[in-house]
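Content type compact mmCIF, C-alpha atoms and all ligand atoms, from the file target-v1.txt:
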# COMPACT_ATOMS: atom_id res chain seq x y z
CA MET V 1 -4.17 -13.61 11.09
CA LEU V 2 -4.53 -11.37 14.16
CA VAL V 3 -2.96 -7.90 13.99
CA LEU V 4 -3.19 -5.09 16.55
CA SER V 5 -1.89 -1.55 16.82
CA HIS V 6 -1.85 0.95 19.68
CA ILE V 7 -5.38 2.02 18.64
CA GLN V 8 -7.07 -1.30 19.46
CA ALA V 9 -4.71 -2.04 22.38
CA ARG V 10 -5.69 1.26 24.00
CA ASP V 11 -9.43 0.52 23.61
CA LEU V 12 -8.90 -2.88 25.23
CA LEU V 13 -6.96 -1.44 28.17
CA SER V 14 -9.53 1.26 28.80
CA ALA V 15 -12.36 -1.33 28.73
CA GLN V 16 -10.37 -3.39 31.25
CA SER V 17 -9.89 -0.37 33.51
CA ARG V 18 -13.67 0.21 33.42
CA GLY V 19 -14.14 -3.38 34.59
CA SER V 20 -15.73 -4.71 31.38
CA ALA V 21 -15.81 -8.47 30.99
CA GLY V 22 -15.78 -8.41 27.22
CA MET V 23 -15.93 -6.18 24.16
CA ASP V 24 -15.97 -6.09 20.38
CA VAL V 25 -12.60 -5.11 18.99
CA SER V 26 -10.88 -5.24 15.62
CA LEU V 27 -8.17 -7.88 15.40
CA ASP V 28 -7.46 -7.02 11.74
CA LEU V 29 -6.63 -3.31 11.89
CA GLY V 30 -10.18 -2.08 11.48
CA LEU V 31 -11.57 -4.39 8.79
CA SER V 32 -13.95 -6.25 11.13
CA LEU V 33 -14.97 -6.61 14.77
CA THR V 34 -14.53 -9.69 16.97
CA SER V 35 -15.89 -10.37 20.45
CA VAL V 36 -13.19 -11.01 23.04
CA LEU V 37 -13.25 -11.68 26.78
CA LEU V 38 -11.30 -9.50 29.18
CA GLU V 39 -9.93 -11.81 31.87
CA PRO V 40 -7.73 -11.08 34.89
CA HIS V 41 -4.51 -12.16 33.14
CA GLY V 42 -5.35 -10.60 29.78
CA LEU V 43 -7.40 -11.00 26.64
CA ARG V 44 -9.12 -14.29 25.75
CA LEU V 45 -9.32 -14.67 21.97
CA PRO V 46 -12.15 -16.48 20.15
CA ASP V 47 -9.91 -19.49 19.33
CA GLY V 48 -9.03 -19.93 23.02
CA GLY V 49 -5.60 -18.25 22.77
CA SER V 50 -4.69 -15.35 25.04
CA LEU V 51 -2.68 -12.14 25.18
CA THR V 52 -1.39 -10.69 28.44
CA TRP V 53 -2.18 -7.16 29.64
CA GLU V 54 1.61 -6.54 29.73
CA ALA V 55 1.85 -7.38 26.03
CA LEU V 56 -1.09 -5.06 25.27
CA THR V 57 0.49 -2.27 27.30
CA ALA V 58 3.71 -2.65 25.31
CA ILE V 59 1.70 -2.33 22.05
CA THR V 60 0.09 0.93 23.27
CA GLU V 61 3.57 2.35 23.86
CA ASP V 62 4.49 2.06 20.18
CA GLU V 63 2.39 4.41 18.03
CA ASN V 64 4.44 3.59 14.92
CA GLY V 65 4.00 -0.15 14.75
CA CYS V 66 1.53 -2.92 13.96
CA TYR V 67 1.85 -6.27 15.74
CA LEU V 68 1.12 -9.74 14.43
CA LEU V 69 -0.05 -12.03 17.23
CA GLU V 70 1.95 -15.24 17.01
CA GLN V 71 0.57 -18.27 18.80
CA THR V 72 2.76 -20.28 21.10
CA PRO V 73 1.62 -23.91 21.41
CA GLY V 74 -0.65 -24.52 24.41
CA VAL V 75 -1.22 -27.69 26.39
CA SER V 76 -2.60 -30.63 24.33
CA GLU V 77 -2.85 -28.60 21.13
CA THR V 78 -5.09 -25.90 22.59
CA PRO V 79 -3.95 -22.40 21.54
CA GLY V 80 -1.57 -20.87 24.06
CA VAL V 81 -0.37 -17.39 24.88
CA CYS V 82 0.11 -15.08 21.88
CA VAL V 83 3.33 -13.19 21.47
CA PRO V 84 3.14 -9.89 19.53
CA ARG V 85 5.76 -9.53 16.79
CA LYS V 86 6.27 -6.11 15.24
CA ILE V 87 5.65 -6.16 11.48
CA GLN V 88 8.96 -4.86 10.21
CA LEU V 89 11.97 -6.17 8.36
CA TYR V 90 15.18 -5.07 6.82
CA SER V 91 15.61 -5.60 3.09
CA GLU V 92 18.96 -7.05 2.05
CA LEU V 93 18.12 -6.17 -1.57
CA THR V 94 17.61 -2.45 -1.15
CA ASP V 95 19.27 -1.92 2.24
CA ARG V 96 16.08 -0.33 3.49
CA PRO V 97 13.87 -0.97 6.53
CA TYR V 98 10.19 -1.75 5.83
CA SER V 99 7.41 -1.64 8.40
CA LEU V 100 3.63 -1.45 8.69
CA TYR V 101 2.43 1.86 10.17
CA PRO V 102 -1.04 2.11 11.74
CA THR V 103 -3.59 4.81 10.99
CA SER V 104 -7.23 5.09 12.02
CA GLY V 105 -8.03 3.37 8.69
CA ALA V 106 -5.85 1.11 6.55
CA PRO V 107 -2.18 0.99 7.53
CA THR V 108 0.56 2.36 5.32
CA MET V 109 4.04 0.98 4.77
CA LEU V 110 7.12 2.90 5.83
CA VAL V 111 10.15 2.47 3.59
CA SER V 112 13.23 3.99 5.21
CA GLY V 113 10.81 5.83 7.50
CA LEU V 114 8.83 7.38 4.60
CA PRO V 115 5.10 6.60 4.27
CA MET V 116 4.05 5.04 0.95
CA HIS V 117 0.55 6.57 1.11
CA ARG V 118 -0.90 9.88 2.16
CA ILE V 119 -1.78 9.97 5.84
CA LYS V 120 -2.10 13.71 6.51
CA ASP V 121 -5.77 14.87 6.33
CA THR V 122 -6.67 11.51 4.75
CA ASP V 123 -5.85 7.82 5.13
CA PRO V 124 -4.19 5.28 2.84
CA TYR V 125 -7.44 3.85 1.55
CA ARG V 126 -9.05 7.19 0.76
CA ASP V 127 -5.74 8.10 -0.91
CA THR V 128 -6.00 4.91 -2.98
CA LEU V 129 -9.59 5.67 -4.01
CA GLU V 130 -8.51 9.13 -5.27
CA LYS V 131 -5.79 7.48 -7.37
CA ILE V 132 -8.30 4.99 -8.79
CA LYS V 133 -10.77 7.78 -9.58
CA ALA V 134 -8.08 9.64 -11.50
CA ALA V 135 -6.75 6.52 -13.27
CA ARG V 136 -10.22 5.23 -14.31
CA PRO V 137 -8.97 1.64 -14.60
CA ALA V 138 -10.34 -0.47 -17.46
CA GLY V 139 -9.21 -3.41 -19.59
CA ASN V 140 -5.66 -4.50 -18.86
CA VAL V 141 -4.04 -2.48 -16.12
CA LEU V 142 -0.36 -2.13 -15.27
CA ASP V 143 0.28 -1.13 -11.65
CA THR V 144 3.97 -0.25 -11.61
CA CYS V 145 4.58 -0.31 -7.85
CA THR V 146 2.68 -2.88 -5.78
CA GLY V 147 3.49 -1.51 -2.32
CA LEU V 148 0.70 -2.79 -0.06
CA GLY V 149 -1.31 -3.75 -3.14
CA TYR V 150 -4.11 -1.27 -2.49
CA THR V 151 -4.23 0.20 -6.02
CA ALA V 152 -3.99 -3.28 -7.59
CA ILE V 153 -6.75 -4.64 -5.33
CA GLU V 154 -9.11 -1.70 -5.90
CA ALA V 155 -8.54 -1.73 -9.68
CA SER V 156 -9.19 -5.49 -9.80
CA LYS V 157 -12.60 -5.01 -8.13
CA LEU V 158 -13.93 -3.08 -11.12
CA ALA V 159 -16.05 -5.14 -13.53
CA HIS V 160 -14.56 -3.43 -16.58
CA VAL V 161 -11.01 -4.31 -15.54
CA ALA V 162 -9.95 -7.58 -17.18
CA HIS V 163 -6.59 -8.01 -15.48
CA VAL V 164 -4.07 -6.20 -13.31
CA THR V 165 -0.33 -6.78 -13.57
CA THR V 166 1.50 -5.36 -10.59
CA ILE V 167 5.27 -5.03 -10.15
CA GLU V 168 7.19 -4.76 -6.88
CA LEU V 169 10.93 -4.29 -6.63
CA ASP V 170 11.43 -5.57 -3.14
CA PRO V 171 10.26 -8.98 -1.85
CA ALA V 172 10.41 -7.35 1.62
CA ALA V 173 7.37 -5.23 0.66
CA LEU V 174 5.44 -8.38 -0.25
CA GLN V 175 6.40 -9.95 3.07
CA ILE V 176 4.89 -6.92 4.79
CA CYS V 177 1.76 -7.45 2.63
CA ARG V 178 1.53 -11.06 3.89
CA SER V 179 1.12 -9.73 7.45
CA ASN V 180 -1.29 -6.93 6.51
CA PRO V 181 -4.97 -7.88 6.68
CA TRP V 182 -5.77 -5.11 4.15
CA SER V 183 -3.42 -6.65 1.53
CA GLN V 184 -4.73 -10.22 1.54
CA ALA V 185 -6.72 -9.90 -1.71
CA LEU V 186 -3.38 -9.55 -3.46
CA PHE V 187 -2.67 -13.23 -2.86
CA ASP V 188 -5.95 -14.92 -3.77
CA ASN V 189 -7.17 -12.89 -6.71
CA GLN V 190 -7.17 -14.48 -10.17
CA LYS V 191 -7.35 -11.03 -11.76
CA ILE V 192 -3.99 -9.97 -10.33
CA THR V 193 -0.59 -11.14 -11.57
CA GLN V 194 2.38 -10.21 -9.40
CA ILE V 195 5.85 -9.64 -10.79
CA ILE V 196 8.87 -9.16 -8.57
CA GLY V 197 11.35 -6.92 -10.32
CA ASP V 198 12.34 -3.37 -11.14
CA SER V 199 9.56 -1.65 -13.11
CA PHE V 200 12.21 0.26 -15.00
CA ASP V 201 13.51 -3.05 -16.43
CA GLU V 202 10.27 -5.05 -16.43
CA ILE V 203 8.34 -2.53 -18.51
CA ALA V 204 10.69 -3.18 -21.44
CA ASN V 205 9.45 -6.81 -21.55
CA PHE V 206 5.81 -5.98 -22.35
CA PRO V 207 4.65 -5.78 -25.99
CA ASP V 208 3.55 -2.49 -27.55
CA GLY V 209 0.02 -1.50 -26.57
CA ALA V 210 -0.29 -4.23 -23.91
CA PHE V 211 -2.17 -2.08 -21.38
CA THR V 212 -5.27 0.10 -21.43
CA ARG V 213 -4.31 1.89 -18.21
CA ILE V 214 -1.15 2.43 -16.19
CA ILE V 215 -1.24 3.32 -12.50
CA HIS V 216 2.19 4.71 -11.73
CA ASP V 217 2.56 5.21 -7.98
CA PRO V 218 6.32 5.34 -7.37
CA PRO V 219 7.99 6.14 -4.07
CA TYR V 220 9.59 9.55 -3.55
CA PHE V 221 12.04 10.60 -6.26
CA SER V 222 14.91 10.09 -3.79
CA LEU V 223 14.02 6.36 -3.55
CA ALA V 224 13.29 5.66 -7.23
CA GLY V 225 14.59 8.40 -9.55
CA ASP V 226 14.52 6.07 -12.60
CA LEU V 227 10.75 5.83 -12.35
CA TYR V 228 10.53 9.58 -13.08
CA SER V 229 12.85 9.47 -16.08
CA LEU V 230 12.11 10.24 -19.74
CA GLU V 231 13.31 6.75 -20.64
CA PHE V 232 10.74 5.17 -18.32
CA TYR V 233 7.95 7.43 -19.62
CA ARG V 234 8.83 6.43 -23.23
CA GLN V 235 8.36 2.78 -22.28
CA ALA V 236 5.12 3.61 -20.47
CA CYS V 237 3.83 5.31 -23.62
CA ARG V 238 4.92 2.37 -25.78
CA VAL V 239 3.13 -0.26 -23.66
CA LEU V 240 -0.11 1.75 -23.50
CA SER V 241 -2.79 1.03 -26.08
CA ARG V 242 -4.08 3.86 -28.33
CA ASN V 243 -5.90 6.40 -26.24
CA GLY V 244 -4.67 4.55 -23.13
CA ARG V 245 -4.48 6.52 -19.90
CA LEU V 246 -1.67 6.94 -17.39
CA PHE V 247 -2.14 8.11 -13.82
CA HIS V 248 1.13 9.26 -12.25
CA TYR V 249 1.25 10.00 -8.51
CA ILE V 250 3.77 12.77 -7.80
CA GLY V 251 3.09 14.43 -4.44
CA ASP V 252 1.41 17.47 -2.94
CA PRO V 253 0.92 19.89 -5.86
CA GLU V 254 0.73 22.80 -3.36
CA SER V 255 4.18 22.13 -1.89
CA LYS V 256 7.26 23.76 -3.38
CA SER V 257 8.88 20.40 -4.19
CA GLY V 258 5.59 18.96 -5.51
CA ARG V 259 5.11 21.96 -7.82
CA SER V 260 8.54 21.70 -9.37
CA ALA V 261 8.40 17.88 -9.58
CA THR V 262 5.01 18.12 -11.35
CA ALA V 263 6.36 20.64 -13.88
CA GLY V 264 9.32 18.34 -14.65
CA VAL V 265 7.11 15.25 -14.95
CA ILE V 266 4.68 17.03 -17.34
CA LYS V 267 7.55 18.17 -19.54
CA ARG V 268 9.06 14.70 -19.78
CA LEU V 269 5.65 13.04 -20.37
CA GLU V 270 5.14 15.39 -23.32
CA GLN V 271 8.59 14.55 -24.66
CA ALA V 272 7.75 10.85 -24.27
CA GLY V 273 4.67 11.21 -26.51
CA PHE V 274 1.84 11.68 -24.00
CA ARG V 275 -0.98 14.12 -24.82
CA HIS V 276 -3.84 15.76 -22.90
CA ILE V 277 -1.75 15.90 -19.75
CA GLU V 278 -3.87 17.20 -16.90
CA ARG V 279 -3.25 17.77 -13.26
CA ALA V 280 -5.25 15.59 -10.86
CA PRO V 281 -4.75 17.60 -7.66
CA ARG V 282 -7.10 15.53 -5.47
CA ALA V 283 -5.00 12.47 -6.29
CA PHE V 284 -1.71 14.42 -5.97
CA GLY V 285 -0.73 13.49 -9.51
CA VAL V 286 -1.30 13.93 -13.22
CA VAL V 287 -3.21 11.99 -15.86
CA ALA V 288 -2.06 11.70 -19.44
CA ARG V 289 -3.22 9.99 -22.61
CA LYS V 290 -1.25 8.26 -25.27
CA GLY V 291 -1.63 10.32 -28.44
CA PHE V 292 -2.65 8.77 -31.75
C1 LIG V 301 4.19 4.33 -3.07
S1 LIG V 301 4.40 2.61 -2.88
C2 LIG V 301 3.14 1.99 -3.91
C3 LIG V 301 1.83 1.95 -3.19
C4 LIG V 301 0.83 1.08 -3.90
N1 LIG V 301 0.31 1.71 -5.10
C5 LIG V 301 -0.30 0.67 -2.97
O1 LIG V 301 -1.45 0.81 -3.38
O2 LIG V 301 -0.05 0.24 -1.84
C6 LIG V 301 5.86 2.33 -3.82
C7 LIG V 301 6.35 0.87 -3.86
O3 LIG V 301 7.24 0.80 -4.98
C8 LIG V 301 8.27 -0.10 -4.67
N2 LIG V 301 9.37 0.22 -5.61
C9 LIG V 301 10.41 1.06 -5.44
N3 LIG V 301 11.16 1.12 -6.54
C10 LIG V 301 10.58 0.29 -7.44
C11 LIG V 301 10.89 -0.12 -8.77
N4 LIG V 301 11.96 0.39 -9.38
N5 LIG V 301 10.08 -1.00 -9.38
C12 LIG V 301 8.98 -1.50 -8.76
N6 LIG V 301 8.65 -1.18 -7.49
C13 LIG V 301 9.43 -0.29 -6.84
C14 LIG V 301 8.55 0.16 -3.20
O4 LIG V 301 9.21 -0.95 -2.62
C15 LIG V 301 7.15 0.38 -2.66
O5 LIG V 301 6.62 -0.84 -2.21
Would you put the structure from the file into structure tokens?
Amino acid sequence: MLVLSHIQARDLLSAQSRGSAGMDVSLDLGLSLTSVLLEPHGLRLPDGGSLTWEALTAITEDENGCYLLEQTPGVSETPGVCVPRKIQLYSELTDRPYSLYPTSGAPTMLVSGLPMHRIKDTDPYRDTLEKIKAARPAGNVLDTCTGLGYTAIEASKLAHVAHVTTIELDPAALQICRSNPWSQALFDNQKITQIIGDSFDEIANFPDGAFTRIIHDPPYFSLAGDLYSLEFYRQACRVLSRNGRLFHYIGDPESKSGRSATAGVIKRLEQAGFRHIERAPRAFGVVARKGF
């Protein structure tokens, strides 16, 4: 899978303008580097395929998109010219547009134009690591909102995590994951089980005490109000094991809306039976334990 954003396209064009014959560039949004040749008509890829300078220029003009390079068949089965396709789609289920948005690190996903990870003063992967640090995953983990799969993937890497169950409402999000190099571990990892459904409904299907940890990383309240409700928190408490831990992402605790949302969440978590509720400001959320 070859994916480029304006960041790599710009590097390639500036190397071309300096007259370079080749360079190392990332063709997977920053995960690794590949050597490519810079030829008069465009880029020569390692598999023999090519990408025109016009196509690369068009990619530099879109700072909000990531582009999957789709191969057109060449002569006698040799790879031909690649055509960039923007990674975006419209969800029939939720009536929302989804797209992959580049950053200098891992990309985020935009849902109705809203980023699903922090990108200001950080990047989506550092944001994920803060969530993991606060959640302290162990045993059986429930990840309530798959998104790009970053929290599920990072939790699954930990030796003391036995299994991660991750739920995503919208198959469109998983289609975006399929085209995101940073999400691939979601699809070939025995420790991760994916469920497609509404976490609000799905959580009712798990037995009492099924999970040691819950990572609850919902979208903004305006996109998923149910996932901030007392009813949902009661279910979360029920499916946690004794002394189990919940991490709940909420939003910037310093912002006016984040402050009031956090106060409301803490109140409802208490009503739902959670104890030792503490703010986790670096992770923009709160952590809470299931009381005895
Ligand atoms: C903030 S993102 C999650 C990011 C994720 N933790 C990651 O590491 O990439 C929220 C995701 O929740 C999904 N979502 C929205 N409502 C949902 C629901 N009721 N149940 C499950 N997933 C939902 C959205 O489609 C979106 O993909």
For this session: Kindly work out which residues sit at most 6 Å from ligand LIG 301 (chain V), using only C-alpha atoms and all ligand atoms, and give the list as a list in words.
Result: Met116, His117, Thr144, Cys145, Thr146, Gly147, Leu148, Gly149, Tyr150, Thr151, Ile167, Glu168, Leu169, Asp170, Ala173, Asp198, Ser199, Phe200, Asp217, Pro218, Pro219 and Ala224 of chain V
For this session: Extract, using only C-alpha atoms, all DNA, RNA and protein residues at most 8 Å from stretch 236-253 of chain V, discarding same-chain residues fewer than 2 positions from it, and format them as a PyMOL selection string.
Result: chain V and resi 131+134-135+203+206-218+220+232-234+255-256+258-259+261-262+272-274+281+283-292
Problem set entry | Using all atoms listed in the file: which of V:Cys177, V:Ile119, V:Val3, V:Leu223 has the shortest distance to V:Leu31 | V:Val3
Problem set entry | Separation of atom CA of V:Leu2 from atom CA of V:Pro46 in Å |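 These atoms are spaced 11.0 Å apart.
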Output, as lines of an AutoDock Vina configuration file, the centre and edge lengths in Å (one decimal) of the axis-aligned box that contains all listed atoms of stretch 222-240 of chain V with 8 Å of margin on each side.
center_x = 7.4
center_y = 5.0
center_z = -14.7
size_x = 31.0
size_y = 26.5
size_z = 38.2
